[in-house]
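Here the structure is laid out as structure tokens; the discussion comes afterwards.
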Amino acid sequence: MFKYLAGAALIALAIPHTPEASMQNPLLPRWTGPYGGVPPFDRIRLEHIQPALEAAMTEQLAEIDAIANDPAAPTFENTLAALERGGRTLDRVINVYGIYSSTLSTPEFQEIERVMEPKLAALQDQIVQNPKLFARIAAVYEKREASGLTAEQKRLAWSQYTEFARAGARLDAPAKARLSEINQRLATLFTDFSQNVLADETDYVLVLETPADLAGLPESEIEAASAAAAERGHKGKWAILNTRSSMEPFLTYSDRRDLREKVWRTYYSRGDNGDKKDNNKVIAEILKLRGERAKLLGYPMHPHWRLENAMAKTPERAMELMEAVWKPAVGRVREEVADMQAVADKEKAGVRIEPWDYRYYSEKVRKAKYDLDQNEVKPYLQLEKLREGMFWVAGELFDLHFTPIENVPVYHPDVHVWEVKDGAGKQVGLWYFDPYARPGKRSGAWMNSYRRQERFDGEITTIVSNNSNFVKGKPGEAVLISWDDAETLFHEFGHAIHGLSSNVTYPSLSGTDVARDYVEFPSQLLEHWLDTPEVLSRFARHYKTGEPLPAALLEKIKRAKTFNEGFKSVEYLASALVDMKIHLAEARSIDPRAFEREMLAALGMPKEIVMRHRLPQFNHLFADDGYSAAYYSYLWSDTLTADAFEAFTEAGGPYDKVVAKRLRDHVFSVGNTIDPADGYRAFRGRDATIGALMRKRGFAPDGR
Ligand SMILES: [Zn+2]
């Protein structure tokens with residue numbers, strides 16, 4: 001991906017600005033302060049964003065013009081290196097804009113987004129469609145073998161050339177104009193989609209009035225719900241938010257089947273309520289435009305275009321992998337449902353398992369079958385201790401060391417910052433951590449890159465962040481998180497480590513900017529270190545007594561490792577299969593609601609489970625092009641992950657120094673400077689096979 005397209009979200013604005021105004025705008029100058037400069041969050045105000053974006057866009061176009069119109073013959077230095085050097089102001093501004101979009105969204109900011117997203121899409125097209133610029137890139141690309149370039153420079157030439165071509169650089173003028181129209185309209189639709197989902201997450205709050213409504217909930221959930229209610233003006237009551245972190249524990253523990261159904265319906269109806277925030281029409285138009293765009297660019301369908309430079313290469317190969325896992329996963333769901341029904345029958349509950357019962361009864365089965373109670377585990381899972389555990393793992397495997405710092409500004413008092421050094425004491429980067437849910441922050445967890453590693457014009461300090469939506473407890477009290485949330489914490493930290501370990505020359509090839517079905521590999525891999533005895537014995541400590549997780553409990557966790565894997569695989573795979581199939585469907589006029597229903601029926605979706613992300617709330621697909629026709633990437637990456645972790649277990653175990661070094665050298669540090677398949681082979685000595693994945697999930701015939 002070339003640099004201008006790298007921001008997760010992009011935008012533009014209409015207020016004219018004077019030179020004086022831009023001098024005062026803290027978003028425009030190079031970042032100052034320690035660590036080679038940090039984002040000036042203490043000085044940034046909402047009103048700075050739009051003028052800064054506009055000024056930065058103008059500056060970037062001028063830079064592009066200068067490169068395109070250079071009278072000298074095209075060389076790597078005056079074309080590709082010049083492009084790498086350019087666009088810095090816009091990079092900085094867009095990073096802050098992206099932070100507002102994902103974590104500080106307000107109605108006022110959303111207005112800015114609505115104006116700027118199509119303008120930023122137009123800017124990208126203006127750059128990609130500049131014929132003089134593309135002719136220069138093509139000239140450097142064609143002479144790349146004969147011009148004495150390094151391997152990384154050749155890779156950059158290939159990457160820029162193909163990305164420009166794939167974005168329409170070779171089209172004729174009318175086709176370019178239509179493409180640009182499509183991209184601008186899509187930018188607006190993506191904004192509408194994500195703002196609608198965010199509104200449904202923020203606006204629907206279930207306020208529980210009496211203690212009877214809390215039946216079955218553990219103390220920690222009750223306290224979090226009480227704090228959430230107080231924050232929203234319902235002191236003395238309890239609020240269940242319409243986010244995954246609130247929904248999941250409620251469905252797991254609430255004895256109140258009526259309330260479970262209510263919470264379930266509200267959550268899975270996001271974007272699908274037939275009101276003005278309904279996303280079905282938005283999706284239909286996005287699909288139609290993506291279909292048209294793919295054809296315009298010379299591909300049969302959107303997935304063919306999307307997967308061309310992914311590891312999978314074709315939709316067929318991605319489908320093949322998904323289908324190989326689907327059947328055993330559904331088979332496992334049948335067993336899980338039978339186990340749950342037996343528990344319900346024994347309790348004389350008089351119910352047939354419905355989707356809002358799945359988490360609740362599976363928890364009871366977990367207790368019965370494995371004598372494992374998640375509530376027994378949770379007191380040992382303190383957010384802050386687990387964070388220290390992640391740091392410890394980073395030290396062991398990657399020789400990265402974290403120290404808290406106070407001398408850089410943050411955008412919210414809950415955000416904290418750590419300095420990262422390597423074993424020799426050399427400064428590597430900064431890690432910002434924004435752990436808690438709040439209004440205006442999108443749900444889920446993610447990693448952000450504020451400044452990518454490069455050493456093109458000298459060393460810089462890499463800046464990355466991790467963001468999640470833990471429910472903040474009372475001041476001074478430990479925040480306890482679930483096992484799943486602990487895995488997510490390690491997952492996102494894996495992305496951060498991937499960014500921090502980067503050791504390349506050019507920013508466009510740096511860090512996590514790798515093929516979509518490869519980027520989840522480093523992050524999923526890191527999840528494996530959570531349940532190593534080294535981490536659990538040191539960092540899973542009881543929040544009151546400080547006692548480590550008892551060995552017997554750890555043993556139970558291990559035995560129950562593939563428990564509920566049917567549910568997890570099926571809710572994910574249903575989403576991934578529907579994603580690919582809806583993008584492979586002829587998109588004349590799709591009714592997403594009907595398509596989803598029919599496709600799930602055709603797949604044989606167990607009626608007790610719903611897609612992890614239903615289409616009207618599937619931000620991965622419709623908040624940007626992001627994971628569209630690429631949600632399979634998590635499974636693809638997990639195939640690599642499972643296979644890679646076996647490299648450790650086959651050697652000296654999870655902390656084997658030799659394997660860890662190979663992992664750093666060939667995977668975490670190389671960014672997109674090499675083909676990921678080559679990097680994997682260099683690490684593992686061979687290609688990945690599906691066997692390890694099936695063993696990991698307990699789907700191998702003998703592997704349970
Ligand atoms: Zn991830």
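By convention here, the chains of the structure tokens are called A, B, ... in the order presented, each chain's residues are numbered starting at 1, and ligands are numbered starting at 1 in the order presented.
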What residues of the protein or nucleic acid chains come within 8 Å of ligand 1 when you use only C-alpha atoms and all ligand atoms? Reply as a PyMOL selection string.
chain A and resi 446-447+491-492+495+519-520+523-524+634
Please produce a file of the residues just selected, as a PDB file, in the first residue's frame, where the atoms kept are N, CA and C atoms.
```pdb
ATOM      1  N   TRP A 446      -8.007  -2.407  18.823  1.00  0.00           N
ATOM      2  CA  TRP A 446      -7.202  -2.244  17.617  1.00  0.00           C
ATOM      3  C   TRP A 446      -5.858  -1.600  17.938  1.00  0.00           C
ATOM      4  N   MET A 447      -4.955  -1.723  16.970  1.00  0.00           N
ATOM      5  CA  MET A 447      -3.651  -1.083  17.083  1.00  0.00           C
ATOM      6  C   MET A 447      -3.614   0.045  16.061  1.00  0.00           C
ATOM      7  N   HIS A 491      -3.245 -10.105  21.599  1.00  0.00           N
ATOM      8  CA  HIS A 491      -3.358 -10.014  20.139  1.00  0.00           C
ATOM      9  C   HIS A 491      -2.961  -8.609  19.647  1.00  0.00           C
ATOM     10  N   GLU A 492      -3.601  -7.602  20.226  1.00  0.00           N
ATOM     11  CA  GLU A 492      -3.322  -6.238  19.768  1.00  0.00           C
ATOM     12  C   GLU A 492      -1.877  -5.850  20.088  1.00  0.00           C
ATOM     13  N   HIS A 495       0.308  -6.847  17.317  1.00  0.00           N
ATOM     14  CA  HIS A 495       0.388  -5.846  16.241  1.00  0.00           C
ATOM     15  C   HIS A 495       1.380  -4.741  16.623  1.00  0.00           C
ATOM     16  N   VAL A 519      -1.113  -9.989   7.977  1.00  0.00           N
ATOM     17  CA  VAL A 519      -0.922  -9.026   9.067  1.00  0.00           C
ATOM     18  C   VAL A 519      -1.445  -9.550  10.404  1.00  0.00           C
ATOM     19  N   GLU A 520      -2.409 -10.473  10.378  1.00  0.00           N
ATOM     20  CA  GLU A 520      -2.918 -11.016  11.635  1.00  0.00           C
ATOM     21  C   GLU A 520      -2.039 -12.150  12.169  1.00  0.00           C
ATOM     22  N   SER A 523       0.091 -10.995  15.245  1.00  0.00           N
ATOM     23  CA  SER A 523      -0.771 -10.680  16.396  1.00  0.00           C
ATOM     24  C   SER A 523      -1.397 -11.948  16.972  1.00  0.00           C
ATOM     25  N   GLN A 524      -1.893 -12.829  16.099  1.00  0.00           N
ATOM     26  CA  GLN A 524      -2.483 -14.068  16.612  1.00  0.00           C
ATOM     27  C   GLN A 524      -1.425 -14.943  17.266  1.00  0.00           C
ATOM     28  N   TYR A 634      -8.190 -13.761   8.918  1.00  0.00           N
ATOM     29  CA  TYR A 634      -7.913 -14.235  10.277  1.00  0.00           C
ATOM     30  C   TYR A 634      -7.668 -15.745  10.287  1.00  0.00           C
TER      31      TYR A 634
END
```
What's the 12 Å shell around Leu241 in chain A, counting only C-alpha atoms, without same-chain residues fewer than 5 positions away, as a PDB file with N, CA, C and O atoms, in the first residue's frame?
```pdb
ATOM      1  N   ASP A 200     -25.760   3.338  17.078  1.00  0.00           N
ATOM      2  CA  ASP A 200     -26.538   2.267  17.720  1.00  0.00           C
ATOM      3  C   ASP A 200     -25.817   1.688  18.933  1.00  0.00           C
ATOM      4  O   ASP A 200     -26.445   1.149  19.837  1.00  0.00           O
ATOM      5  N   GLU A 201     -24.511   1.775  18.940  1.00  0.00           N
ATOM      6  CA  GLU A 201     -23.769   1.280  20.111  1.00  0.00           C
ATOM      7  C   GLU A 201     -23.862   2.273  21.270  1.00  0.00           C
ATOM      8  O   GLU A 201     -23.928   1.888  22.425  1.00  0.00           O
ATOM      9  N   THR A 202     -23.857   3.550  20.930  1.00  0.00           N
ATOM     10  CA  THR A 202     -23.858   4.580  21.973  1.00  0.00           C
ATOM     11  C   THR A 202     -25.269   4.844  22.500  1.00  0.00           C
ATOM     12  O   THR A 202     -25.463   5.046  23.695  1.00  0.00           O
ATOM     13  N   ASP A 203     -26.248   4.852  21.595  1.00  0.00           N
ATOM     14  CA  ASP A 203     -27.589   5.316  21.978  1.00  0.00           C
ATOM     15  C   ASP A 203     -28.404   4.278  22.746  1.00  0.00           C
ATOM     16  O   ASP A 203     -29.245   4.635  23.560  1.00  0.00           O
ATOM     17  N   TYR A 204     -28.182   2.995  22.455  1.00  0.00           N
ATOM     18  CA  TYR A 204     -28.970   1.989  23.157  1.00  0.00           C
ATOM     19  C   TYR A 204     -28.254   1.565  24.426  1.00  0.00           C
ATOM     20  O   TYR A 204     -27.211   0.921  24.380  1.00  0.00           O
ATOM     21  N   VAL A 205     -28.821   1.935  25.556  1.00  0.00           N
ATOM     22  CA  VAL A 205     -28.273   1.487  26.840  1.00  0.00           C
ATOM     23  C   VAL A 205     -29.416   0.847  27.603  1.00  0.00           C
ATOM     24  O   VAL A 205     -30.493   1.430  27.728  1.00  0.00           O
ATOM     25  N   LEU A 206     -29.199  -0.372  28.073  1.00  0.00           N
ATOM     26  CA  LEU A 206     -30.235  -1.026  28.869  1.00  0.00           C
ATOM     27  C   LEU A 206     -29.993  -0.674  30.330  1.00  0.00           C
ATOM     28  O   LEU A 206     -28.976  -1.050  30.905  1.00  0.00           O
ATOM     29  N   VAL A 207     -30.925   0.082  30.909  1.00  0.00           N
ATOM     30  CA  VAL A 207     -30.773   0.453  32.315  1.00  0.00           C
ATOM     31  C   VAL A 207     -31.584  -0.518  33.168  1.00  0.00           C
ATOM     32  O   VAL A 207     -32.794  -0.661  32.988  1.00  0.00           O
ATOM     33  N   LEU A 208     -30.878  -1.223  34.048  1.00  0.00           N
ATOM     34  CA  LEU A 208     -31.543  -2.181  34.928  1.00  0.00           C
ATOM     35  C   LEU A 208     -31.916  -1.471  36.224  1.00  0.00           C
ATOM     36  O   LEU A 208     -31.106  -0.755  36.810  1.00  0.00           O
ATOM     37  N   GLU A 221     -18.991  -7.576  37.274  1.00  0.00           N
ATOM     38  CA  GLU A 221     -19.881  -7.062  36.222  1.00  0.00           C
ATOM     39  C   GLU A 221     -20.882  -6.081  36.813  1.00  0.00           C
ATOM     40  O   GLU A 221     -21.221  -5.060  36.203  1.00  0.00           O
ATOM     41  N   ALA A 224     -19.145  -2.804  37.376  1.00  0.00           N
ATOM     42  CA  ALA A 224     -18.921  -2.091  36.110  1.00  0.00           C
ATOM     43  C   ALA A 224     -20.227  -1.500  35.599  1.00  0.00           C
ATOM     44  O   ALA A 224     -20.266  -0.365  35.116  1.00  0.00           O
ATOM     45  N   ALA A 225     -21.315  -2.267  35.715  1.00  0.00           N
ATOM     46  CA  ALA A 225     -22.616  -1.782  35.243  1.00  0.00           C
ATOM     47  C   ALA A 225     -23.081  -0.592  36.079  1.00  0.00           C
ATOM     48  O   ALA A 225     -23.703   0.343  35.570  1.00  0.00           O
ATOM     49  N   SER A 226     -22.757  -0.636  37.350  1.00  0.00           N
ATOM     50  CA  SER A 226     -23.134   0.462  38.238  1.00  0.00           C
ATOM     51  C   SER A 226     -22.355   1.736  37.871  1.00  0.00           C
ATOM     52  O   SER A 226     -22.929   2.832  37.787  1.00  0.00           O
ATOM     53  N   ALA A 227     -21.067   1.567  37.612  1.00  0.00           N
ATOM     54  CA  ALA A 227     -20.250   2.721  37.207  1.00  0.00           C
ATOM     55  C   ALA A 227     -20.732   3.281  35.869  1.00  0.00           C
ATOM     56  O   ALA A 227     -20.833   4.500  35.689  1.00  0.00           O
ATOM     57  N   ALA A 228     -21.065   2.376  34.934  1.00  0.00           N
ATOM     58  CA  ALA A 228     -21.536   2.826  33.615  1.00  0.00           C
ATOM     59  C   ALA A 228     -22.845   3.592  33.743  1.00  0.00           C
ATOM     60  O   ALA A 228     -23.069   4.583  33.042  1.00  0.00           O
ATOM     61  N   ALA A 229     -23.717   3.153  34.655  1.00  0.00           N
ATOM     62  CA  ALA A 229     -24.998   3.836  34.853  1.00  0.00           C
ATOM     63  C   ALA A 229     -24.763   5.230  35.447  1.00  0.00           C
ATOM     64  O   ALA A 229     -25.346   6.216  34.987  1.00  0.00           O
ATOM     65  N   GLU A 231     -22.170   7.097  35.230  1.00  0.00           N
ATOM     66  CA  GLU A 231     -21.583   7.977  34.218  1.00  0.00           C
ATOM     67  C   GLU A 231     -22.622   8.526  33.249  1.00  0.00           C
ATOM     68  O   GLU A 231     -22.429   9.564  32.627  1.00  0.00           O
ATOM     69  N   ARG A 232     -23.716   7.781  33.105  1.00  0.00           N
ATOM     70  CA  ARG A 232     -24.755   8.196  32.157  1.00  0.00           C
ATOM     71  C   ARG A 232     -25.970   8.797  32.856  1.00  0.00           C
ATOM     72  O   ARG A 232     -27.068   8.830  32.309  1.00  0.00           O
ATOM     73  N   SER A 246     -19.691  -5.463  26.963  1.00  0.00           N
ATOM     74  CA  SER A 246     -20.777  -5.512  27.943  1.00  0.00           C
ATOM     75  C   SER A 246     -21.731  -6.664  27.646  1.00  0.00           C
ATOM     76  O   SER A 246     -22.246  -7.314  28.556  1.00  0.00           O
ATOM     77  N   MET A 247     -21.988  -6.877  26.355  1.00  0.00           N
ATOM     78  CA  MET A 247     -22.940  -7.910  25.943  1.00  0.00           C
ATOM     79  C   MET A 247     -22.445  -9.305  26.336  1.00  0.00           C
ATOM     80  O   MET A 247     -23.195 -10.110  26.888  1.00  0.00           O
ATOM     81  N   GLU A 248     -21.171  -9.602  26.062  1.00  0.00           N
ATOM     82  CA  GLU A 248     -20.708 -10.975  26.252  1.00  0.00           C
ATOM     83  C   GLU A 248     -20.815 -11.458  27.704  1.00  0.00           C
ATOM     84  O   GLU A 248     -21.379 -12.512  27.949  1.00  0.00           O
ATOM     85  N   PRO A 249     -20.296 -10.694  28.678  1.00  0.00           N
ATOM     86  CA  PRO A 249     -20.456 -11.191  30.052  1.00  0.00           C
ATOM     87  C   PRO A 249     -21.920 -11.276  30.484  1.00  0.00           C
ATOM     88  O   PRO A 249     -22.298 -12.196  31.210  1.00  0.00           O
ATOM     89  N   PHE A 250     -22.737 -10.352  30.005  1.00  0.00           N
ATOM     90  CA  PHE A 250     -24.147 -10.408  30.406  1.00  0.00           C
ATOM     91  C   PHE A 250     -24.788 -11.698  29.902  1.00  0.00           C
ATOM     92  O   PHE A 250     -25.470 -12.407  30.638  1.00  0.00           O
ATOM     93  N   VAL A 263     -30.892  -8.214  25.450  1.00  0.00           N
ATOM     94  CA  VAL A 263     -29.532  -7.730  25.189  1.00  0.00           C
ATOM     95  C   VAL A 263     -29.024  -8.287  23.863  1.00  0.00           C
ATOM     96  O   VAL A 263     -28.423  -7.582  23.050  1.00  0.00           O
ATOM     97  N   TRP A 264     -29.275  -9.562  23.642  1.00  0.00           N
ATOM     98  CA  TRP A 264     -28.838 -10.210  22.401  1.00  0.00           C
ATOM     99  C   TRP A 264     -29.466  -9.539  21.190  1.00  0.00           C
ATOM    100  O   TRP A 264     -28.782  -9.185  20.228  1.00  0.00           O
ATOM    101  N   THR A 266     -30.792  -6.572  20.869  1.00  0.00           N
ATOM    102  CA  THR A 266     -30.347  -5.192  20.674  1.00  0.00           C
ATOM    103  C   THR A 266     -28.961  -5.167  20.032  1.00  0.00           C
ATOM    104  O   THR A 266     -28.698  -4.411  19.097  1.00  0.00           O
ATOM    105  N   TYR A 267     -28.072  -6.028  20.526  1.00  0.00           N
ATOM    106  CA  TYR A 267     -26.699  -6.029  20.016  1.00  0.00           C
ATOM    107  C   TYR A 267     -26.646  -6.471  18.551  1.00  0.00           C
ATOM    108  O   TYR A 267     -25.996  -5.834  17.716  1.00  0.00           O
ATOM    109  N   ALA A 437     -13.477   1.829  27.588  1.00  0.00           N
ATOM    110  CA  ALA A 437     -14.620   2.260  26.776  1.00  0.00           C
ATOM    111  C   ALA A 437     -15.062   3.650  27.214  1.00  0.00           C
ATOM    112  O   ALA A 437     -14.930   4.021  28.376  1.00  0.00           O
ATOM    113  N   ARG A 438     -15.530   4.455  26.249  1.00  0.00           N
ATOM    114  CA  ARG A 438     -16.176   5.729  26.596  1.00  0.00           C
ATOM    115  C   ARG A 438     -17.009   6.138  25.387  1.00  0.00           C
ATOM    116  O   ARG A 438     -16.781   5.662  24.272  1.00  0.00           O
ATOM    117  N   PRO A 439     -17.976   7.028  25.608  1.00  0.00           N
ATOM    118  CA  PRO A 439     -18.788   7.464  24.468  1.00  0.00           C
ATOM    119  C   PRO A 439     -17.897   8.080  23.385  1.00  0.00           C
ATOM    120  O   PRO A 439     -16.940   8.782  23.701  1.00  0.00           O
ATOM    121  N   SER A 443     -16.221   0.396  19.241  1.00  0.00           N
ATOM    122  CA  SER A 443     -16.073  -0.791  20.082  1.00  0.00           C
ATOM    123  C   SER A 443     -14.984  -1.698  19.519  1.00  0.00           C
ATOM    124  O   SER A 443     -14.463  -1.474  18.442  1.00  0.00           O
ATOM    125  N   ASN A 469     -11.623  -1.587  24.840  1.00  0.00           N
ATOM    126  CA  ASN A 469     -12.854  -1.084  25.435  1.00  0.00           C
ATOM    127  C   ASN A 469     -13.180  -1.793  26.734  1.00  0.00           C
ATOM    128  O   ASN A 469     -14.298  -2.244  26.938  1.00  0.00           O
ATOM    129  N   PHE A 470     -12.198  -1.911  27.603  1.00  0.00           N
ATOM    130  CA  PHE A 470     -12.474  -2.492  28.906  1.00  0.00           C
ATOM    131  C   PHE A 470     -13.386  -1.549  29.675  1.00  0.00           C
ATOM    132  O   PHE A 470     -13.332  -0.333  29.485  1.00  0.00           O
ATOM    133  N   VAL A 471     -14.200  -2.145  30.522  1.00  0.00           N
ATOM    134  CA  VAL A 471     -15.101  -1.319  31.310  1.00  0.00           C
ATOM    135  C   VAL A 471     -14.347  -0.890  32.557  1.00  0.00           C
ATOM    136  O   VAL A 471     -13.864  -1.711  33.331  1.00  0.00           O
TER     137      VAL A 471
END
```
Would you return as a count of residues only the members of range 627-663 of chain A that DSSP assigns to helix (DSSP H, G or I) on this structure's backbone?
25
Check range 341-492 of chain A with DSSP on the backbone and list each residue it calls strand (DSSP E or B), as a PyMOL selection string.
chain A and resi 382+400-405+416-422+427-436+446-451+456+458+462-470+480
Mind dumping the selected residues with C-alpha atoms as a tab-separated table (two decimals), in the first residue's frame?
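As a result, selection-v8.tsv now contains:
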```tsv
chain	number	residue	atom	x	y	z
A	382	GLN	CA	-5.97	-7.98	36.29
A	400	LEU	CA	12.02	-4.92	23.79
A	401	HIS	CA	11.78	-3.22	27.17
A	402	PHE	CA	9.03	-0.87	28.38
A	403	THR	CA	9.28	2.02	30.86
A	404	PRO	CA	6.35	4.33	31.73
A	405	ILE	CA	6.83	8.01	30.92
A	416	HIS	CA	-0.74	6.30	29.26
A	417	VAL	CA	2.56	6.11	27.43
A	418	TRP	CA	5.63	3.86	27.65
A	419	GLU	CA	9.08	4.27	26.19
A	420	VAL	CA	10.43	1.20	24.42
A	421	LYS	CA	14.15	0.35	24.28
A	422	ASP	CA	16.09	-2.60	22.93
A	427	GLN	CA	15.45	3.93	21.97
A	428	VAL	CA	13.06	2.07	19.68
A	429	GLY	CA	9.68	3.66	20.09
A	430	LEU	CA	6.72	4.77	22.15
A	431	TRP	CA	3.66	2.74	23.05
A	432	TYR	CA	0.40	4.58	23.86
A	433	PHE	CA	-2.28	2.60	25.67
A	434	ASP	CA	-5.95	3.68	25.68
A	435	PRO	CA	-7.72	0.87	27.54
A	436	TYR	CA	-11.25	1.94	28.48
A	446	TRP	CA	-7.20	-2.24	17.62
A	447	MET	CA	-3.65	-1.08	17.08
A	448	ASN	CA	-2.77	2.27	15.55
A	449	SER	CA	0.47	3.49	14.10
A	450	TYR	CA	1.17	7.17	14.79
A	451	ARG	CA	4.62	7.18	13.21
A	456	PHE	CA	15.58	6.45	5.13
A	458	GLY	CA	18.01	8.96	9.60
A	462	THR	CA	8.36	4.62	16.04
A	463	ILE	CA	5.05	5.44	17.73
A	464	VAL	CA	2.24	2.90	18.03
A	465	SER	CA	-0.85	2.57	20.20
A	466	ASN	CA	-3.15	-0.13	21.50
A	467	ASN	CA	-6.81	0.63	22.05
A	468	SER	CA	-9.50	-1.40	23.74
A	469	ASN	CA	-12.85	-1.08	25.43
A	470	PHE	CA	-12.47	-2.49	28.91
A	480	LEU	CA	-10.57	-7.61	35.99
```
Show which residues sit within 9 Å of range 295-299 of chain A, as a PyMOL selection string. Count only C-alpha atoms, and ignore same-chain residues fewer than 4 positions away.
chain A and resi 165-168+170-171+175-176+178-179+290-291+303-305
Residues just named, written with N, CA and C atoms as a PDB file, in the first residue's frame:
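Resulting contents of part17.pdb:
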```pdb
ATOM      1  N   ALA A 165      -1.071   0.950 -10.434  1.00  0.00           N
ATOM      2  CA  ALA A 165      -1.784   0.295 -11.528  1.00  0.00           C
ATOM      3  C   ALA A 165      -3.112  -0.281 -11.024  1.00  0.00           C
ATOM      4  N   ARG A 166      -3.058  -0.927  -9.862  1.00  0.00           N
ATOM      5  CA  ARG A 166      -4.272  -1.532  -9.315  1.00  0.00           C
ATOM      6  C   ARG A 166      -5.304  -0.476  -8.924  1.00  0.00           C
ATOM      7  N   ALA A 167      -4.858   0.732  -8.674  1.00  0.00           N
ATOM      8  CA  ALA A 167      -5.783   1.807  -8.308  1.00  0.00           C
ATOM      9  C   ALA A 167      -6.247   2.599  -9.530  1.00  0.00           C
ATOM     10  N   GLY A 168      -5.874   2.153 -10.728  1.00  0.00           N
ATOM     11  CA  GLY A 168      -6.442   2.767 -11.928  1.00  0.00           C
ATOM     12  C   GLY A 168      -5.522   3.671 -12.722  1.00  0.00           C
ATOM     13  N   ARG A 170      -3.584   3.142 -15.066  1.00  0.00           N
ATOM     14  CA  ARG A 170      -3.464   2.863 -16.499  1.00  0.00           C
ATOM     15  C   ARG A 170      -4.768   3.086 -17.273  1.00  0.00           C
ATOM     16  N   LEU A 171      -5.827   3.511 -16.582  1.00  0.00           N
ATOM     17  CA  LEU A 171      -7.115   3.680 -17.270  1.00  0.00           C
ATOM     18  C   LEU A 171      -7.121   4.926 -18.155  1.00  0.00           C
ATOM     19  N   ALA A 175     -12.658   6.619 -17.848  1.00  0.00           N
ATOM     20  CA  ALA A 175     -12.692   5.570 -16.826  1.00  0.00           C
ATOM     21  C   ALA A 175     -12.125   6.099 -15.511  1.00  0.00           C
ATOM     22  N   LYS A 176     -11.062   6.891 -15.607  1.00  0.00           N
ATOM     23  CA  LYS A 176     -10.493   7.489 -14.394  1.00  0.00           C
ATOM     24  C   LYS A 176     -11.516   8.384 -13.696  1.00  0.00           C
ATOM     25  N   ARG A 178     -14.789   8.221 -13.820  1.00  0.00           N
ATOM     26  CA  ARG A 178     -15.838   7.408 -13.190  1.00  0.00           C
ATOM     27  C   ARG A 178     -15.300   6.753 -11.909  1.00  0.00           C
ATOM     28  N   LEU A 179     -14.073   6.244 -11.996  1.00  0.00           N
ATOM     29  CA  LEU A 179     -13.464   5.597 -10.832  1.00  0.00           C
ATOM     30  C   LEU A 179     -13.401   6.569  -9.653  1.00  0.00           C
ATOM     31  N   ARG A 290     -18.662  -1.385  -5.643  1.00  0.00           N
ATOM     32  CA  ARG A 290     -17.453  -2.221  -5.656  1.00  0.00           C
ATOM     33  C   ARG A 290     -17.429  -3.132  -6.874  1.00  0.00           C
ATOM     34  N   GLY A 291     -18.588  -3.660  -7.242  1.00  0.00           N
ATOM     35  CA  GLY A 291     -18.667  -4.518  -8.428  1.00  0.00           C
ATOM     36  C   GLY A 291     -18.279  -3.732  -9.671  1.00  0.00           C
ATOM     37  N   PRO A 303     -13.537  -9.365  -5.063  1.00  0.00           N
ATOM     38  CA  PRO A 303     -12.534 -10.216  -4.389  1.00  0.00           C
ATOM     39  C   PRO A 303     -11.306 -10.512  -5.249  1.00  0.00           C
ATOM     40  N   HIS A 304     -11.479 -10.615  -6.551  1.00  0.00           N
ATOM     41  CA  HIS A 304     -10.317 -10.899  -7.406  1.00  0.00           C
ATOM     42  C   HIS A 304      -9.317  -9.745  -7.342  1.00  0.00           C
ATOM     43  N   TRP A 305      -9.877  -8.546  -7.332  1.00  0.00           N
ATOM     44  CA  TRP A 305      -9.028  -7.348  -7.219  1.00  0.00           C
ATOM     45  C   TRP A 305      -8.362  -7.305  -5.849  1.00  0.00           C
TER      46      TRP A 305
END
```
Nearest candidate to Gly679 in chain A (options A:Leu397, A:Trp356, A:Asp665, A:Ile286; using only C-alpha atoms):
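When distances to Gly679 in chain A are compared using only C-alpha atoms, the smallest one comes from A:Asp665.
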Excluding range 272-277 of chain A and its own-chain neighbours fewer than 5 positions away, which residues fall within 10 Å of it when counting only C-alpha atoms? Please give them as a ChimeraX atom specification.
/A:192-200,266,282,593,614-617
Counting only C-alpha atoms, what are the residues of range 489-572 of chain A within 12 Å of range 79-90 of chain A, and for each of them which pair of atoms is the nearest and at what distance in Å, to one decimal? Sort the table by chain and rising number, as a tab-separated table.
```
residue	atom	partner	partner_atom	distance
A:Thr505	CA	A:Glu84	CA	10.2
A:Tyr506	CA	A:Glu84	CA	6.9
A:Pro507	CA	A:Glu84	CA	6.8
A:Ser508	CA	A:Glu84	CA	7.0
A:Leu509	CA	A:Glu84	CA	10.0
A:Ser510	CA	A:Glu84	CA	11.4
```
Pick from A:Tyr518, A:Phe493, A:Phe134, A:Tyr543 nearest to Tyr680 in chain A, counting only C-alpha atoms
A:Tyr518
Residue with smallest distance to Glu547 in chain A - pool A:Phe391, A:Tyr655, A:Tyr253, A:Tyr380, counting only C-alpha atoms:
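So, comparing all the options, the nearest one is A:Tyr380.
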Rounded to one decimal place, report the CA of Arg366 in chain A-CA of Asp339 in chain A distance in Å.
9.9 Å
Write out as a PyMOL selection string which residues come within 12 Å of Glu261 in chain A when counting only C-alpha atoms, dropping same-chain ones fewer than 5 positions away.
chain A and resi 247+250-252+254-256+266-269+353-360
Here CA of Met611 in chain A and CA of Asn564 in chain A stand apart by 15.3 Å
Glu347 in chain A environment, 12 Å, only C-alpha atoms, sequence neighbours closer than 5 positions dropped, as a list in words:
Met340, Gln341, Ala342, Tyr361 and Lys364 of chain A
Save the residues we just selected, C-alpha atoms, as a PDB file, in the first residue's frame?
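Just written: selection31.pdb:
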```pdb
ATOM      1  CA  MET A 340     -25.900 -27.735  26.685  1.00  0.00           C
ATOM      2  CA  GLN A 341     -29.360 -29.164  26.066  1.00  0.00           C
ATOM      3  CA  ALA A 342     -28.543 -31.966  28.490  1.00  0.00           C
ATOM      4  CA  TYR A 361     -25.263 -22.832  28.998  1.00  0.00           C
ATOM      5  CA  LYS A 364     -22.468 -24.340  32.739  1.00  0.00           C
TER       6      LYS A 364
END
```
